[in-house]
$ cat data_30.txt   # compact mmCIF, C-alpha atoms
# COMPACT_ATOMS: atom_id res chain seq x y z
CA MET A 1 0.00 0.00 0.00
CA ILE A 2 1.22 3.43 -0.89
CA ARG A 3 2.56 5.26 2.12
CA LEU A 4 -0.27 7.37 3.47
CA PHE A 5 0.14 11.08 3.79
CA ALA A 6 1.05 12.03 7.33
CA THR A 7 -1.31 14.98 7.31
CA VAL A 8 -4.96 14.88 6.29
CA VAL A 9 -5.88 17.56 3.82
CA ALA A 10 -6.39 20.31 6.37
CA LEU A 11 -7.57 23.02 4.07
CA LEU A 12 -9.65 20.69 1.94
CA LEU A 13 -11.55 19.54 4.96
CA ALA A 14 -12.03 23.02 6.41
CA VAL A 15 -15.78 22.44 6.52
CA PRO A 16 -18.19 21.98 9.41
CA ALA A 17 -17.99 18.65 11.18
CA LEU A 18 -21.17 17.71 9.36
CA ALA A 19 -21.67 19.40 6.02
CA ALA A 20 -25.17 20.54 5.12
CA PRO A 21 -27.24 17.78 3.54
CA GLY A 22 -27.77 17.90 -0.18
CA ASP A 23 -30.97 17.37 -2.17
CA VAL A 24 -32.39 13.93 -1.45
CA ARG A 25 -34.83 11.88 -3.51
CA ARG A 26 -36.26 8.50 -2.63
CA PHE A 27 -37.11 6.17 -5.50
CA PRO A 28 -39.55 3.62 -4.02
CA ALA A 29 -39.38 0.01 -5.15
CA GLN A 30 -41.68 -0.69 -8.09
CA GLY A 31 -42.81 -3.92 -6.46
CA THR A 32 -42.34 -5.57 -3.09
CA ALA A 33 -39.18 -4.04 -1.60
CA THR A 34 -36.46 -6.66 -1.38
CA ALA A 35 -33.31 -4.51 -1.56
CA GLN A 36 -32.14 -1.05 -0.58
CA LEU A 37 -29.42 1.19 -1.95
CA ARG A 38 -28.24 4.59 -0.73
CA ILE A 39 -26.14 6.60 -3.18
CA HIS A 40 -24.24 9.81 -2.50
CA GLY A 41 -23.42 11.43 -5.82
CA THR A 42 -22.18 14.69 -7.30
CA THR A 43 -24.32 14.34 -10.43
CA ASP A 44 -27.55 16.37 -10.29
CA ILE A 45 -30.58 14.33 -9.26
CA GLU A 46 -32.47 15.45 -12.36
CA VAL A 47 -29.65 14.04 -14.50
CA PHE A 48 -29.39 10.73 -12.65
CA ALA A 49 -33.09 10.05 -12.06
CA GLU A 50 -33.62 8.34 -15.42
CA VAL A 51 -30.64 6.08 -14.78
CA ILE A 52 -32.13 4.94 -11.48
CA ALA A 53 -35.56 4.50 -13.07
CA ASP A 54 -34.09 2.21 -15.71
CA TYR A 55 -32.25 0.19 -13.08
CA GLN A 56 -35.55 -0.30 -11.25
CA ARG A 57 -37.15 -1.63 -14.44
CA LEU A 58 -34.63 -4.47 -14.23
CA HIS A 59 -34.83 -4.75 -10.44
CA PRO A 60 -38.32 -3.59 -9.36
CA GLY A 61 -37.71 -4.71 -5.79
CA SER A 62 -34.88 -2.23 -5.25
CA GLU A 63 -35.53 0.98 -3.32
CA VAL A 64 -32.96 3.67 -4.07
CA VAL A 65 -32.20 6.84 -2.13
CA TYR A 66 -30.03 9.34 -3.99
CA GLU A 67 -28.46 12.35 -2.33
CA ASP A 68 -26.90 15.07 -4.49
CA ILE A 69 -23.84 16.48 -2.68
CA ILE A 70 -21.04 18.70 -3.92
CA THR A 71 -17.73 16.92 -4.35
CA GLN A 72 -15.87 18.26 -1.32
CA ASP A 73 -18.83 17.68 1.02
CA LEU A 74 -19.34 14.15 -0.30
CA TYR A 75 -15.83 13.23 0.83
CA ALA A 76 -16.04 15.03 4.17
CA ARG A 77 -19.50 13.71 5.03
CA TYR A 78 -18.51 10.14 4.33
CA LEU A 79 -15.57 10.38 6.73
CA HIS A 80 -17.84 11.91 9.38
CA ASP A 81 -20.92 9.68 8.92
CA ARG A 82 -19.50 6.39 7.70
CA THR A 83 -20.80 4.45 10.70
CA GLY A 84 -24.16 6.24 10.95
CA PRO A 85 -27.59 5.03 9.79
CA ALA A 86 -27.41 7.23 6.67
CA SER A 87 -24.02 5.89 5.60
CA PRO A 88 -23.95 5.48 1.80
CA ASP A 89 -23.63 2.20 -0.04
CA LEU A 90 -22.09 3.81 -3.13
CA LEU A 91 -20.15 7.02 -3.75
CA ILE A 92 -20.24 8.45 -7.28
CA SER A 93 -18.13 11.54 -7.84
CA SER A 94 -16.20 13.53 -10.43
CA GLY A 95 -13.66 14.27 -7.68
CA MET A 96 -11.22 11.63 -8.90
CA ASP A 97 -8.49 12.66 -6.48
CA LEU A 98 -10.74 12.42 -3.41
CA GLN A 99 -12.12 9.06 -4.53
CA THR A 100 -8.55 7.85 -4.99
CA LYS A 101 -7.70 9.01 -1.48
CA LEU A 102 -10.63 7.07 -0.03
CA VAL A 103 -9.33 3.94 -1.73
CA ASN A 104 -5.75 4.62 -0.66
CA ASP A 105 -6.80 5.12 2.93
CA GLY A 106 -8.60 1.78 3.10
CA HIS A 107 -12.22 2.93 2.91
CA ALA A 108 -13.28 0.98 -0.20
CA LEU A 109 -14.40 -2.58 -0.89
CA PRO A 110 -12.98 -4.39 -3.92
CA HIS A 111 -15.24 -5.54 -6.72
CA ARG A 112 -14.37 -7.70 -9.70
CA SER A 113 -16.84 -8.74 -12.37
CA VAL A 114 -17.13 -9.15 -16.11
CA GLN A 115 -18.20 -5.50 -16.28
CA THR A 116 -15.29 -4.08 -14.28
CA GLN A 117 -12.81 -6.18 -16.25
CA ALA A 118 -14.04 -4.53 -19.45
CA LEU A 119 -12.90 -1.10 -18.24
CA PRO A 120 -9.75 0.39 -19.81
CA ALA A 121 -6.70 0.39 -17.55
CA TRP A 122 -6.76 4.17 -17.06
CA ALA A 123 -10.36 4.01 -15.76
CA GLN A 124 -9.92 1.82 -12.67
CA TRP A 125 -7.54 1.46 -9.77
CA ARG A 126 -6.85 -1.52 -7.55
CA GLY A 127 -10.25 -3.03 -8.28
CA GLU A 128 -11.75 -0.47 -5.88
CA ALA A 129 -12.26 2.76 -7.87
CA PHE A 130 -14.08 2.56 -11.19
CA GLY A 131 -14.82 5.08 -13.89
CA ILE A 132 -18.48 4.84 -14.93
CA SER A 133 -18.35 7.56 -17.59
CA TYR A 134 -16.02 10.22 -18.83
CA GLU A 135 -16.43 13.73 -20.10
CA PRO A 136 -14.15 16.29 -21.67
CA VAL A 137 -13.24 19.51 -19.88
CA VAL A 138 -14.15 22.32 -22.23
CA MET A 139 -14.56 25.99 -22.94
CA VAL A 140 -18.15 27.17 -23.44
CA TYR A 141 -19.12 30.47 -25.03
CA ASN A 142 -22.32 32.40 -25.70
CA THR A 143 -22.89 32.43 -29.45
CA GLY A 144 -24.64 35.79 -29.25
CA ARG A 145 -21.82 37.44 -27.31
CA LEU A 146 -18.80 35.90 -29.01
CA PRO A 147 -18.83 35.18 -32.76
CA ALA A 148 -17.67 31.70 -33.71
CA ALA A 149 -14.85 33.17 -35.78
CA LYS A 150 -13.39 34.78 -32.65
CA ALA A 151 -13.89 31.85 -30.30
CA PRO A 152 -10.58 30.42 -29.05
CA HIS A 153 -9.76 26.81 -29.86
CA THR A 154 -6.51 26.53 -27.91
CA ARG A 155 -5.26 27.95 -24.65
CA ARG A 156 -2.84 30.14 -26.58
CA GLN A 157 -5.75 31.63 -28.53
CA LEU A 158 -7.64 32.20 -25.28
CA LEU A 159 -4.58 33.94 -23.85
CA ASP A 160 -4.38 36.17 -26.94
CA LEU A 161 -8.07 37.03 -26.63
CA LEU A 162 -7.65 37.90 -22.95
CA ARG A 163 -4.76 40.18 -23.88
CA ALA A 164 -6.51 41.73 -26.88
CA GLU A 165 -6.80 45.50 -27.19
CA GLY A 166 -9.90 46.82 -25.51
CA ALA A 167 -10.11 43.82 -23.17
CA PRO A 168 -13.23 42.29 -24.78
CA LEU A 169 -13.51 39.64 -22.06
CA ARG A 170 -12.94 41.84 -19.04
CA GLY A 171 -15.58 40.86 -16.48
CA LYS A 172 -17.05 38.46 -19.05
CA VAL A 173 -15.00 35.30 -18.47
CA GLY A 174 -15.55 32.71 -15.75
CA THR A 175 -14.05 29.54 -14.31
CA TYR A 176 -14.19 27.42 -11.15
CA ASP A 177 -13.18 28.90 -7.81
CA ILE A 178 -10.64 26.24 -6.93
CA GLU A 179 -10.69 27.18 -3.24
CA ARG A 180 -14.33 26.04 -3.11
CA SER A 181 -14.56 23.58 -5.99
CA SER A 182 -12.72 20.28 -5.63
CA VAL A 183 -13.15 19.54 -9.34
CA GLY A 184 -11.81 22.98 -10.17
CA TYR A 185 -8.78 22.34 -7.97
CA LEU A 186 -8.14 19.00 -9.67
CA LEU A 187 -8.33 20.59 -13.13
CA ALA A 188 -6.07 23.48 -12.16
CA THR A 189 -3.38 21.15 -10.85
CA GLN A 190 -3.62 19.08 -14.02
CA ASP A 191 -3.24 22.22 -16.13
CA ALA A 192 -0.19 23.21 -14.11
CA GLN A 193 1.43 19.85 -14.85
CA ARG A 194 0.52 19.69 -18.54
CA GLY A 195 0.37 23.23 -19.84
CA SER A 196 3.43 25.41 -20.33
CA ILE A 197 1.28 28.56 -20.46
CA ALA A 198 -0.85 27.72 -17.42
CA GLY A 199 0.73 30.47 -15.31
CA ALA A 200 0.38 33.13 -18.01
CA LEU A 201 -3.23 32.11 -18.62
CA LEU A 202 -4.06 32.41 -14.93
CA GLY A 203 -2.52 35.86 -14.81
CA ALA A 204 -4.51 36.96 -17.85
CA LEU A 205 -7.71 35.63 -16.31
CA GLY A 206 -6.94 37.65 -13.20
CA ASP A 207 -6.25 40.77 -15.28
CA ASN A 208 -9.70 40.32 -16.83
CA ALA A 209 -11.48 40.14 -13.45
CA VAL A 210 -12.38 36.47 -13.92
CA VAL A 211 -15.66 35.44 -12.29
CA ARG A 212 -15.18 32.41 -10.04
CA GLU A 213 -17.94 30.04 -9.01
CA GLU A 214 -18.16 26.77 -7.13
CA ARG A 215 -20.60 24.86 -9.35
CA THR A 216 -20.70 24.15 -13.07
CA GLY A 217 -24.39 24.99 -13.33
CA VAL A 218 -23.94 28.51 -11.99
CA LEU A 219 -21.20 29.27 -14.51
CA LEU A 220 -23.27 27.89 -17.38
CA ASP A 221 -26.35 29.84 -16.28
CA GLN A 222 -24.29 33.02 -16.39
CA VAL A 223 -22.86 32.36 -19.84
CA ALA A 224 -26.27 31.27 -21.20
CA SER A 225 -27.85 34.51 -19.96
CA GLY A 226 -25.09 36.62 -21.52
CA GLN A 227 -23.74 37.80 -18.18
CA LEU A 228 -20.55 36.01 -19.21
CA SER A 229 -19.23 35.53 -22.74
CA LEU A 230 -17.04 32.50 -22.07
CA VAL A 231 -16.22 30.02 -19.33
CA TYR A 232 -13.01 28.01 -19.12
CA ASN A 233 -12.37 24.47 -17.82
CA VAL A 234 -15.92 23.27 -17.18
CA LEU A 235 -17.50 19.82 -17.49
CA GLY A 236 -18.91 19.31 -20.96
CA SER A 237 -21.97 17.18 -20.18
CA TYR A 238 -23.78 20.00 -18.38
CA ALA A 239 -23.13 22.38 -21.28
CA GLN A 240 -24.39 19.86 -23.84
CA ALA A 241 -27.62 19.41 -21.88
CA ARG A 242 -28.25 23.16 -22.07
CA ILE A 243 -27.45 23.26 -25.78
CA ASP A 244 -29.89 20.41 -26.40
CA ALA A 245 -32.51 22.48 -24.54
CA GLY A 246 -31.92 25.46 -26.83
CA ALA A 247 -29.43 27.60 -24.89
CA PRO A 248 -27.27 29.89 -27.12
CA LEU A 249 -24.06 28.09 -26.24
CA ALA A 250 -21.24 26.37 -28.09
CA ILE A 251 -18.62 23.96 -26.77
CA VAL A 252 -14.93 24.03 -27.61
CA GLU A 253 -12.62 21.14 -26.79
CA PRO A 254 -9.16 22.77 -26.68
CA GLU A 255 -7.05 21.46 -29.53
CA ASP A 256 -3.77 21.68 -27.61
CA TYR A 257 -5.13 19.17 -25.09
CA THR A 258 -8.51 18.39 -23.64
CA LEU A 259 -8.57 16.95 -20.15
CA VAL A 260 -10.94 14.04 -19.61
CA VAL A 261 -12.51 13.64 -16.17
CA LEU A 262 -13.93 10.34 -14.96
CA ARG A 263 -17.03 10.04 -12.85
CA THR A 264 -15.91 7.35 -10.49
CA ALA A 265 -17.73 4.90 -8.26
CA VAL A 266 -16.42 3.59 -4.95
CA ILE A 267 -18.16 1.02 -2.73
CA PRO A 268 -17.44 2.20 0.83
CA ARG A 269 -16.42 -0.42 3.33
CA THR A 270 -19.06 0.63 5.88
CA GLY A 271 -22.14 0.59 3.64
CA ALA A 272 -25.04 -1.57 4.81
CA HIS A 273 -25.86 -3.00 1.36
CA PRO A 274 -22.60 -3.80 -0.46
CA GLN A 275 -24.15 -6.48 -2.68
CA GLU A 276 -26.77 -4.08 -3.98
CA ALA A 277 -24.03 -1.51 -4.58
CA ARG A 278 -22.11 -4.10 -6.63
CA ARG A 279 -25.22 -4.93 -8.64
CA PHE A 280 -25.91 -1.26 -9.39
CA LEU A 281 -22.27 -0.67 -10.37
CA ASP A 282 -22.38 -3.64 -12.75
CA TYR A 283 -25.56 -2.20 -14.26
CA LEU A 284 -23.85 1.17 -14.81
CA LEU A 285 -20.98 -0.56 -16.62
CA SER A 286 -23.21 -2.89 -18.66
CA PRO A 287 -24.01 -2.06 -22.30
CA ARG A 288 -27.55 -1.08 -21.28
CA GLY A 289 -26.39 1.10 -18.39
CA GLN A 290 -23.77 2.81 -20.53
CA GLN A 291 -26.41 3.57 -23.17
CA VAL A 292 -28.74 5.06 -20.57
CA LEU A 293 -25.93 7.18 -19.12
CA ALA A 294 -25.19 8.48 -22.60
CA ARG A 295 -28.79 9.00 -23.73
CA GLU A 296 -30.48 10.22 -20.56
CA ALA A 297 -27.66 11.71 -18.49
CA ARG A 298 -25.53 12.83 -21.48
CA LEU A 299 -22.48 11.27 -19.86
CA MET A 300 -20.06 9.70 -22.33
CA PRO A 301 -19.85 5.89 -22.08
CA ILE A 302 -16.53 4.61 -20.88
CA VAL A 303 -16.92 0.99 -21.98
CA ARG A 304 -16.68 1.10 -25.74
CA GLY A 305 -17.79 -1.65 -28.05
CA ASP A 306 -15.07 -1.08 -30.65
CA ALA A 307 -11.59 -2.54 -30.63
CA GLY A 308 -8.78 -0.74 -28.94
CA GLY A 309 -10.98 0.93 -26.34
CA ASP A 310 -8.07 1.64 -24.04
CA GLU A 311 -8.00 5.33 -24.88
CA ALA A 312 -10.70 7.97 -24.73
CA PRO A 313 -11.60 8.82 -28.33
CA GLY A 314 -10.34 12.08 -29.76
CA ARG A 315 -6.78 12.93 -30.68
CA SER A 316 -6.42 15.82 -28.24
CA ARG A 317 -8.13 14.16 -25.28
CA ARG A 318 -5.96 13.39 -22.29
CA PRO A 319 -7.65 11.18 -19.67
CA ILE A 320 -6.77 11.96 -16.07
CA GLN A 321 -5.62 8.56 -14.86
CA LEU A 322 -6.86 7.09 -11.62
CA GLY A 323 -4.04 6.23 -9.24
CA PRO A 324 -1.52 7.52 -6.72
CA GLY A 325 -0.46 10.45 -8.88
CA LEU A 326 -3.72 12.16 -7.93
CA LEU A 327 -2.71 12.20 -4.26
CA VAL A 328 0.26 14.53 -4.71
CA TYR A 329 -1.70 17.80 -4.60
CA LEU A 330 -3.83 16.62 -1.68
CA ASP A 331 -0.82 16.97 0.59
CA ALA A 332 -1.65 19.88 2.90
CA LEU A 333 1.58 21.80 2.25
CA LYS A 334 1.42 21.37 -1.53
CA ARG A 335 -2.22 22.38 -1.53
CA ARG A 336 -1.56 25.55 0.46
CA GLN A 337 1.34 26.51 -1.79
CA PHE A 338 -0.69 25.87 -4.93
CA LEU A 339 -3.66 27.87 -3.68
CA ASP A 340 -1.42 30.76 -2.62
CA ALA A 341 0.13 30.89 -6.10
CA TRP A 342 -3.28 30.61 -7.77
CA ARG A 343 -4.73 33.35 -5.59
CA SER A 344 -1.85 35.70 -6.31
CA SER A 345 -2.47 35.19 -10.05
CA VAL A 346 -6.22 35.70 -10.14
CA GLU A 347 -6.24 38.38 -7.41
CA PRO A 348 -3.15 40.52 -8.14
CA ALA A 349 -2.42 43.14 -5.51
CA GLY A 350 -3.94 46.53 -6.08
CA ARG A 351 -6.81 45.45 -8.32
$ encode --input "data_30.txt" --output "structure tokens"
Amino acid sequence: MIRLFATVVALLLAVPALAAPGDVRRFPAQGTATAQLRIHGTTDIEVFAEVIADYQRLHPGSEVVYEDIITQDLYARYLHDRTGPASPDLLISSGMDLQTKLVNDGHALPHRSVQTQALPAWAQWRGEAFGISYEPVVMVYNTGRLPAAKAPHTRRQLLDLLRAEGAPLRGKVGTYDIERSSVGYLLATQDAQRGSIAGALLGALGDNAVVREERTGVLLDQVASGQLSLVYNVLGSYAQARIDAGAPLAIVEPEDYTLVVLRTAVIPRTGAHPQEARRFLDYLLSPRGQQVLAREARLMPIVRGDAGGDEAPGRSRRPIQLGPGLLVYLDALKRRQFLDAWRSSVEPAGR
């Protein structure tokens, strides 16, 4: 086992002992209740409801309770409540680093099945953390505020636009607040490792009074309304759902590289219904479950039917790999140093 960090992520867990509960929905069994499943997830209930409904068509005796919790709170609440009556049976999160830490710290049960064995190597770790879907990290712009011809398609082009005469994006560009958003923090650290212009881009975002928000939906609401012209480094599935509903938005996958985030599932060791959690996970990874995730939740299927499915499709896509590398920036000292540097870039003195 990888040597555990000596210090728990102090800043990351700077939340109340018990975080506020999220939105909860109970999906009663469609027949005589014979099984129960409690899921804590970071995917909106409205997005995941159809997935649960389809699972219950196959297993009408299963009662499912789904609680929608933001990524950071999902991790903190599990550590606080893992022995309580509301302890979850399954954790589904886009916070790949925090899911990896739960596995590394001994909180997950292993699961091996035909479905998990079909996953590509980059989408599982130690038989305890499993990618159920993936999605690109994108730029999204308002088609009425930013003409397609001027929309950036690389980070260098975005940097040039931020530095353009007249500052056309000043006060009109947004991204995650990585001090509040665990996914935003993960993406920022990945950018820092992969992108040679990451520092310059951060500085330019700061010079343009970048708007910072905790949740993807808030950023997309602001760009759809025209309050913002463009948002950087957001999850693509939420944007596509708005486009399908008629919002004046367009998605750009950066051509220099497009990060790919996994929504991962972990079966916690203290859940009361581990067998039902395993059955639901196998459903999610089955051909039917993957189709429902793609069609109803607009989450890209991770188990592909074509040959050579060991890479996410798309030449510029770079999957963030599950594993110990994700633990590096959860070290308390590294996190504090990274946040200090990020803050000094997006909040330069004297602005």
$ closest_residue --input "data_30.txt" --among "A:Pro274, A:Gly106, A:Pro136, A:Pro152" --to "Arg317 (chain A)" --atoms "only C-alpha atoms"
A:Pro136
$ axis_aligned_box --input "data_30.txt" --around "region 331-335 of chain A" --padding-each-side "4 Å" --output "JSON"
{"center_x": -0.3, "center_y": 19.7, "center_z": 0.7, "size_x": 11.8, "size_y": 13.4, "size_z": 12.4}
$ closest_residue --input "data_30.txt" --among "A:Leu285, A:Met300, A:Ala209, A:Ile69" --to "Ser133 (chain A)" --atoms "all atoms listed in the file"
A:Met300
$ atom_distance --input "data_30.txt" --atom1 "CA of Ala332 (chain A)" --atom2 "CA of Arg269 (chain A)"
25.1 Å
$ atom_distance --input "data_30.txt" --atom1 "CA of Thr43 (chain A)" --atom2 "CA of Thr143 (chain A)"
26.3 Å
$ atom_distance --input "data_30.txt" --atom1 "CA of Leu90 (chain A)" --atom2 "CA of Pro301 (chain A)"
19.2 Å
$ closest_residue --input "data_30.txt" --among "A:Gly61, A:Gly195, A:Pro28, A:Pro88" --to "Gly41 (chain A)" --atoms "all atoms listed in the file"
A:Pro88
$ closest_residue --input "data_30.txt" --among "A:Glu347, A:Asp81, A:Glu128, A:Glu46" --to "Gly206 (chain A)" --atoms "all atoms listed in the file"
A:Glu347
$ closest_residue --input "data_30.txt" --among "A:Ser229, A:Thr71, A:Thr116, A:Thr154" --to "Glu214 (chain A)" --atoms "only C-alpha atoms"
A:Thr71
$ residues_near_point --input "data_30.txt" --point "(-1.1, 31.2, -22.6)" --cutoff "7 Å" --atoms "only C-alpha atoms" --output "MDAnalysis selection string"
chainID A and resid 155:156 159 197:198 200:201
$ residues_around --input "data_30.txt" --residues "Ala250 (chain A)" --least-positions-apart "6" --cutoff "9 Å" --atoms "all atoms listed in the file" --output "list in words"
Met139, Val140, Tyr141, Asn142, Thr143, Ala148, Ala239, Gln240 and Ile243 of chain A
$ write_last_selection --input "data_30.txt" --atoms "C-alpha atoms" --output "mmCIF file, keeping the file's coordinate frame"
data_model
loop_
_atom_site.group_PDB
_atom_site.id
_atom_site.type_symbol
_atom_site.label_atom_id
_atom_site.label_comp_id
_atom_site.auth_asym_id
_atom_site.auth_seq_id
_atom_site.Cartn_x
_atom_site.Cartn_y
_atom_site.Cartn_z
ATOM 1 C CA MET A 139 -14.560 25.990 -22.940
ATOM 2 C CA VAL A 140 -18.150 27.170 -23.440
ATOM 3 C CA TYR A 141 -19.120 30.470 -25.030
ATOM 4 C CA ASN A 142 -22.320 32.400 -25.700
ATOM 5 C CA THR A 143 -22.890 32.430 -29.450
ATOM 6 C CA ALA A 148 -17.670 31.700 -33.710
ATOM 7 C CA ALA A 239 -23.130 22.380 -21.280
ATOM 8 C CA GLN A 240 -24.390 19.860 -23.840
ATOM 9 C CA ILE A 243 -27.450 23.260 -25.780
#
$ residues_around --input "data_30.txt" --residues "region 178-190 of chain A" --least-positions-apart "4" --cutoff "8 Å" --atoms "only C-alpha atoms" --output "MDAnalysis selection string"
chainID A and resid 71:72 94:95 97 194 213:215 233 259 329 339
$ residues_around --input "data_30.txt" --residues "Asp207 (chain A)" --least-positions-apart "6" --cutoff "12 Å" --atoms "only C-alpha atoms" --output "PyMOL selection string"
chain A and resi 159+162-164+167-173+200-201+344-351
$ residues_around --input "data_30.txt" --residues "Leu327 (chain A)" --least-positions-apart "6" --cutoff "9 Å" --atoms "only C-alpha atoms" --output "JSON list (two decimals) with C-alpha atoms, in the coordinates of the input"
[["chain", "number", "residue", "atom", "x", "y", "z"],
["A", 5, "PHE", "CA", 0.14, 11.08, 3.79],
["A", 97, "ASP", "CA", -8.49, 12.66, -6.48],
["A", 98, "LEU", "CA", -10.74, 12.42, -3.41],
["A", 100, "THR", "CA", -8.55, 7.85, -4.99],
["A", 101, "LYS", "CA", -7.70, 9.01, -1.48],
["A", 104, "ASN", "CA", -5.75, 4.62, -0.66]]
$ closest_residue --input "data_30.txt" --among "A:Val266, A:Ile45, A:Leu37, A:Leu220" --to "Arg25 (chain A)" --atoms "all atoms listed in the file"
A:Ile45
$ residues_near_point --input "data_30.txt" --point "(-36.5, 8.5, 2.9)" --cutoff "12 Å" --atoms "only C-alpha atoms" --output "list in words"
Asp23, Val24, Arg25, Arg26, Phe27, Pro28, Gln36, Leu37, Arg38, Glu63, Val64, Val65, Tyr66, Glu67, Pro85 and Ala86 of chain A
$ build_atoms --input "data_30.txt" --residues "region 191-207 of chain A" --atoms "N, CA, C and O atoms" --output "short mmCIF file (atom, residue, chain, number, x, y, z; two decimals), in the frame of the given file"
data_model
loop_
_atom_site.label_atom_id
_atom_site.label_comp_id
_atom_site.auth_asym_id
_atom_site.auth_seq_id
_atom_site.Cartn_x
_atom_site.Cartn_y
_atom_site.Cartn_z
N ASP A 191 -3.72 21.21 -15.19
CA ASP A 191 -3.24 22.22 -16.13
C ASP A 191 -1.80 22.61 -15.81
O ASP A 191 -0.97 22.77 -16.71
N ALA A 192 -1.53 22.79 -14.52
CA ALA A 192 -0.19 23.21 -14.11
C ALA A 192 0.87 22.18 -14.51
O ALA A 192 2.00 22.54 -14.83
N GLN A 193 0.49 20.90 -14.49
CA GLN A 193 1.43 19.85 -14.85
C GLN A 193 1.57 19.66 -16.36
O GLN A 193 2.62 19.26 -16.84
N ARG A 194 0.53 19.98 -17.12
CA ARG A 194 0.52 19.69 -18.54
C ARG A 194 0.76 20.90 -19.42
O ARG A 194 1.27 20.77 -20.53
N GLY A 195 0.36 22.08 -18.96
CA GLY A 195 0.37 23.23 -19.84
C GLY A 195 1.49 24.20 -19.54
O GLY A 195 1.60 24.71 -18.42
N SER A 196 2.30 24.50 -20.53
CA SER A 196 3.43 25.41 -20.33
C SER A 196 2.98 26.85 -20.15
O SER A 196 3.73 27.67 -19.62
N ILE A 197 1.75 27.18 -20.59
CA ILE A 197 1.28 28.56 -20.46
C ILE A 197 0.26 28.70 -19.33
O ILE A 197 -0.43 29.71 -19.24
N ALA A 198 0.17 27.69 -18.47
CA ALA A 198 -0.85 27.72 -17.42
C ALA A 198 -0.71 28.96 -16.53
O ALA A 198 -1.70 29.62 -16.21
N GLY A 199 0.53 29.30 -16.17
CA GLY A 199 0.73 30.47 -15.31
C GLY A 199 0.33 31.76 -16.00
O GLY A 199 -0.33 32.63 -15.40
N ALA A 200 0.73 31.92 -17.26
CA ALA A 200 0.38 33.13 -18.01
C ALA A 200 -1.13 33.24 -18.20
O ALA A 200 -1.71 34.34 -18.10
N LEU A 201 -1.78 32.10 -18.43
CA LEU A 201 -3.23 32.11 -18.62
C LEU A 201 -3.94 32.51 -17.33
O LEU A 201 -4.90 33.31 -17.36
N LEU A 202 -3.47 32.01 -16.21
CA LEU A 202 -4.06 32.41 -14.93
C LEU A 202 -3.92 33.91 -14.70
O LEU A 202 -4.86 34.58 -14.27
N GLY A 203 -2.73 34.43 -14.97
CA GLY A 203 -2.52 35.86 -14.81
C GLY A 203 -3.43 36.68 -15.69
O GLY A 203 -3.97 37.71 -15.26
N ALA A 204 -3.63 36.23 -16.93
CA ALA A 204 -4.51 36.96 -17.85
C ALA A 204 -5.97 36.87 -17.40
O ALA A 204 -6.73 37.84 -17.54
N LEU A 205 -6.36 35.73 -16.86
CA LEU A 205 -7.71 35.63 -16.31
C LEU A 205 -7.89 36.61 -15.16
O LEU A 205 -8.93 37.28 -15.04
N GLY A 206 -6.88 36.70 -14.30
CA GLY A 206 -6.94 37.65 -13.20
C GLY A 206 -7.02 39.08 -13.70
O GLY A 206 -7.80 39.89 -13.18
N ASP A 207 -6.23 39.42 -14.72
CA ASP A 207 -6.25 40.77 -15.28
C ASP A 207 -7.60 41.13 -15.87
O ASP A 207 -7.95 42.31 -16.00
#
